[in-house]
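One file, upload35.cif, carrying mmCIF, C-alpha atoms:
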```
data_protein
loop_
_atom_site.label_atom_id
_atom_site.label_comp_id
_atom_site.auth_asym_id
_atom_site.auth_seq_id
_atom_site.Cartn_x
_atom_site.Cartn_y
_atom_site.Cartn_z
CA MET A 827 0.00 0.00 0.00
CA VAL A 828 1.29 3.47 -0.91
CA ASN A 829 1.83 5.85 2.00
CA ARG A 830 -0.20 9.02 1.73
CA THR A 831 1.66 12.32 1.81
CA ARG A 832 0.83 14.20 5.02
CA PHE A 833 0.48 17.97 5.25
CA ASP A 834 -0.20 18.35 8.99
CA ASP A 835 3.14 20.21 9.42
CA SER A 836 2.71 22.44 6.37
CA ASP A 837 2.74 26.22 6.79
CA CYS A 838 -0.20 26.43 4.35
CA PRO A 839 -3.72 26.46 5.89
CA VAL A 840 -5.21 24.95 2.71
CA ALA A 841 -2.78 22.02 2.81
CA ARG A 842 -3.52 21.33 6.48
CA SER A 843 -7.27 21.52 5.83
CA VAL A 844 -7.03 19.11 2.90
CA ASP A 845 -5.00 16.81 5.11
CA ALA A 846 -7.86 16.74 7.63
CA ILE A 847 -10.93 16.50 5.36
CA GLY A 848 -9.67 16.43 1.80
CA ASP A 849 -10.81 13.07 0.50
CA TRP A 850 -14.25 12.85 -1.06
CA TRP A 851 -15.63 10.33 1.42
CA SER A 852 -14.79 12.57 4.36
CA LEU A 853 -16.40 15.61 2.77
CA LEU A 854 -19.52 13.60 1.90
CA ILE A 855 -19.70 12.28 5.48
CA VAL A 856 -19.55 15.86 6.74
CA ARG A 857 -22.26 16.84 4.22
CA ASP A 858 -24.45 13.99 5.44
CA ALA A 859 -23.85 14.98 9.06
CA PHE A 860 -25.15 18.47 8.25
CA ASP A 861 -28.15 16.81 6.59
CA GLY A 862 -28.93 14.88 9.78
CA SER A 863 -27.12 11.54 9.45
CA ARG A 864 -25.87 10.36 12.84
CA ARG A 865 -25.39 6.60 12.76
CA PHE A 866 -22.96 4.39 10.89
CA GLY A 867 -25.87 2.78 9.00
CA ASP A 868 -27.23 6.19 7.96
CA PHE A 869 -23.91 7.14 6.42
CA GLN A 870 -23.45 3.73 4.82
CA ARG A 871 -26.92 3.78 3.21
CA SER A 872 -26.56 7.33 1.96
CA LEU A 873 -23.06 6.95 0.55
CA GLY A 874 -22.96 3.29 -0.48
CA VAL A 875 -19.35 3.19 0.66
CA ALA A 876 -17.68 -0.02 1.81
CA LYS A 877 -17.88 -0.50 5.57
CA ASN A 878 -14.09 -0.63 6.03
CA ILE A 879 -13.65 2.68 4.19
CA LEU A 880 -16.49 4.31 6.14
CA THR A 881 -15.03 3.05 9.42
CA ALA A 882 -11.62 4.50 8.57
CA ARG A 883 -13.04 7.87 7.48
CA LEU A 884 -15.30 8.18 10.53
CA ARG A 885 -12.38 7.28 12.80
CA GLY A 886 -10.23 9.92 11.09
CA LEU A 887 -12.90 12.59 11.43
CA VAL A 888 -13.31 11.75 15.13
CA THR A 889 -9.53 11.74 15.69
CA GLY A 890 -9.28 15.06 13.85
CA GLY A 891 -11.97 16.63 16.03
CA VAL A 892 -14.48 17.13 13.21
CA LEU A 893 -16.96 14.58 14.58
CA GLU A 894 -17.47 13.14 18.04
CA THR A 895 -19.35 10.08 19.20
CA VAL A 896 -22.18 10.47 21.68
CA PRO A 897 -24.71 8.06 23.20
CA ALA A 898 -27.59 7.31 20.84
CA SER A 899 -30.44 9.80 21.10
CA ASP A 900 -32.97 6.96 21.42
CA GLY A 901 -31.29 5.56 24.55
CA SER A 902 -30.08 2.40 22.79
CA ALA A 903 -26.58 1.00 23.18
CA TYR A 904 -25.51 2.51 19.84
CA ARG A 905 -23.21 5.49 19.46
CA GLU A 906 -23.94 8.37 17.12
CA TYR A 907 -21.66 10.75 15.25
CA VAL A 908 -22.25 14.47 15.65
CA LEU A 909 -20.37 17.47 14.36
CA THR A 910 -18.13 19.24 16.84
CA PRO A 911 -17.78 23.04 16.73
CA LYS A 912 -14.74 22.43 14.48
CA GLY A 913 -16.93 20.30 12.21
CA ARG A 914 -19.79 22.82 12.21
CA ALA A 915 -17.27 25.46 11.11
CA LEU A 916 -17.05 23.52 7.81
CA PHE A 917 -20.58 24.68 6.90
CA PRO A 918 -19.39 27.52 4.62
CA VAL A 919 -17.00 25.09 2.89
CA ILE A 920 -19.85 22.64 2.16
CA VAL A 921 -22.09 25.50 0.98
CA ALA A 922 -19.31 26.83 -1.27
CA LEU A 923 -18.73 23.37 -2.81
CA ARG A 924 -22.48 22.94 -3.30
CA GLN A 925 -22.87 26.32 -5.00
CA TRP A 926 -19.80 25.76 -7.17
CA GLY A 927 -21.18 22.37 -8.21
CA GLU A 928 -24.63 23.80 -8.98
CA GLU A 929 -23.06 26.48 -11.18
CA HIS A 930 -20.56 24.32 -13.05
CA PHE A 931 -21.86 20.75 -13.21
CA PHE A 932 -25.59 20.97 -13.97
CA GLU A 933 -27.29 21.99 -17.17
CA PRO A 934 -30.06 24.60 -16.87
CA GLY A 935 -33.21 22.84 -15.66
CA GLU A 936 -31.36 19.64 -14.73
CA PRO A 937 -32.75 18.25 -11.46
CA HIS A 938 -30.57 18.47 -8.37
CA SER A 939 -30.89 19.09 -4.66
CA GLU A 940 -30.79 22.62 -3.30
CA LEU A 941 -30.06 24.09 0.09
CA LEU A 942 -32.84 26.28 1.49
CA ASP A 943 -33.16 28.83 4.27
CA ARG A 944 -35.61 27.02 6.60
CA ARG A 945 -37.34 30.22 7.70
CA HIS A 946 -38.13 31.54 4.22
CA GLU A 947 -37.84 28.29 2.23
CA GLN A 948 -35.69 30.10 -0.33
CA PRO A 949 -32.31 29.14 -1.85
CA LEU A 950 -29.27 30.80 -0.29
CA ARG A 951 -27.55 33.76 -1.92
CA PRO A 952 -24.22 32.86 -3.50
CA LEU A 953 -21.33 33.07 -1.04
CA GLU A 954 -18.95 35.95 -1.61
CA VAL A 955 -15.51 36.75 -0.29
CA ARG A 956 -15.47 40.22 1.27
CA SER A 957 -12.70 42.46 2.55
CA ALA A 958 -12.70 43.82 6.10
CA ASP A 959 -14.38 46.98 4.76
CA GLY A 960 -17.06 45.00 2.88
CA ARG A 961 -15.74 45.13 -0.69
CA ARG A 962 -16.31 42.01 -2.81
CA LEU A 963 -12.94 40.40 -3.57
CA ASN A 964 -11.72 38.36 -6.52
CA PRO A 965 -8.53 36.27 -6.58
CA GLU A 966 -6.51 39.13 -8.09
CA ASP A 967 -7.54 41.35 -5.14
CA THR A 968 -5.78 39.09 -2.61
CA ALA A 969 -2.21 38.17 -1.67
CA VAL A 970 -0.74 35.51 0.62
CA ARG A 971 1.55 36.67 3.42
CA LYS A 972 3.65 34.23 5.43
CA LEU A 973 3.38 34.76 9.17
CA THR A 974 6.49 34.31 11.25
CA LYS A 975 6.89 33.53 14.92
CA PRO A 976 7.32 36.57 17.16
CA ALA A 977 10.81 37.00 18.55
CA GLY A 978 11.35 34.98 21.71
CA SER A 979 8.47 32.52 21.10
CA PRO A 980 9.18 28.76 21.24
#
```
Re-express the file's structure as C-alpha cells.
Amino acid sequence: MVNRTRFDDSDCPVARSVDAIGDWWSLLIVRDAFDGSRRFGDFQRSLGVAKNILTARLRGLVTGGVLETVPASDGSAYREYVLTPKGRALFPVIVALRQWGEEHFFEPGEPHSELLDRRHEQPLRPLEVRSADGRRLNPEDTAVRKLTKPAGSP
C-alpha cells in the first residue's frame, strides 16, 4: 500500500485543511452529518461506501476533532456521530462546494438538490468573499503573506 503524503506540518492552511478532510468520502460524510445523518448505518446507506472505508473515514474525522461520538439519542446502546464546533465550522465550505457544483456541473433545468433557508424556504444567496471593509474580492484582489513567529516565542 502506498503511504499518503501528510500535510499536517505544512505552513499552508489549505494544505492542512485538505490533510484533515480532503478526501471525497470525508467531505460527503460531513455533508451527510449536516443533513442529519448520525449513525454508521445512515452514512453507509446514503453513501454506499464499503464498511471498512467508512469506518476508517469516521475514525479519522473523530480523531481530527471534526466529529465526536455520543450516546444514541434513542437511549439504545448505539453510538452516534455528531459534528463538533470544528466540524460545524465547515458549513461555509460545504455550501461553497455545493454552490460551485450547482453552477458548473448541472445543465439549466437539470434536477438536483438545493439548500434552502428554513425560515423563508428560499435558496441561499451565493457566497462571496469580502474584505474587512465590505468590498467584494476576486482572486486578483488578494495576496498571501507568510506569518512568522514573534521574537522569543518557542
For the file shown, report as a ChimeraX atom specification the outcome of the PyMOL selection byres ((chain A and resi 890) around 10) at residue level.
-> /A:845-847,884-889,891-894,912-913
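In this model, the gap between atom CA of A:Ser863 and atom CA of A:Thr895 comes to 12.6 Å.
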If you apply the PyMOL selection byres ((chain A and resi 952-965) around 12) to this file, what residues do you get, as a VMD selection string?
-> chain A and resid 917 to 929 941 to 942 949 to 951 966 to 970
Between atom CA of A:Ala915 and atom CA of A:Ile855 lies a distance of 14.5 Å
Spell out the residues picked by the PyMOL selection byres ((chain A and resi 873) around 9) here, as a PyMOL selection string.
-> chain A and resi 851+854-855+858+868-872+874-876
Students should find that atom CA of A:Arg864 and atom CA of A:Glu906 are spaced 5.1 Å
Box centre and edge lengths (Å, one decimal), axis-aligned, stretch 923-937 of chain A plus 4 Å each side, as JSON:
```
{"center_x": -26.0, "center_y": 22.4, "center_z": -10.0, "size_x": 22.5, "size_y": 16.2, "size_z": 22.4}
```
Pick out the closest residue to A:Tyr904 from this set: A:His946, A:Arg865, A:Arg883, A:His938. Count all atoms listed in the file.
->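 Checking each candidate against A:Tyr904, we get A:Arg865 as the closest.
Around A:Ala859, within 8 Å and counting all atoms listed in the file, the residues found are Tyr907, Val908 and Leu909 of chain A, once anything fewer than 6 positions away on its own chain is removed.
Nearest residue to A:Asp849, choosing from A:Pro937, A:Asp900, A:Ala882, A:Gly867 and counting only C-alpha atoms: A:Ala882.
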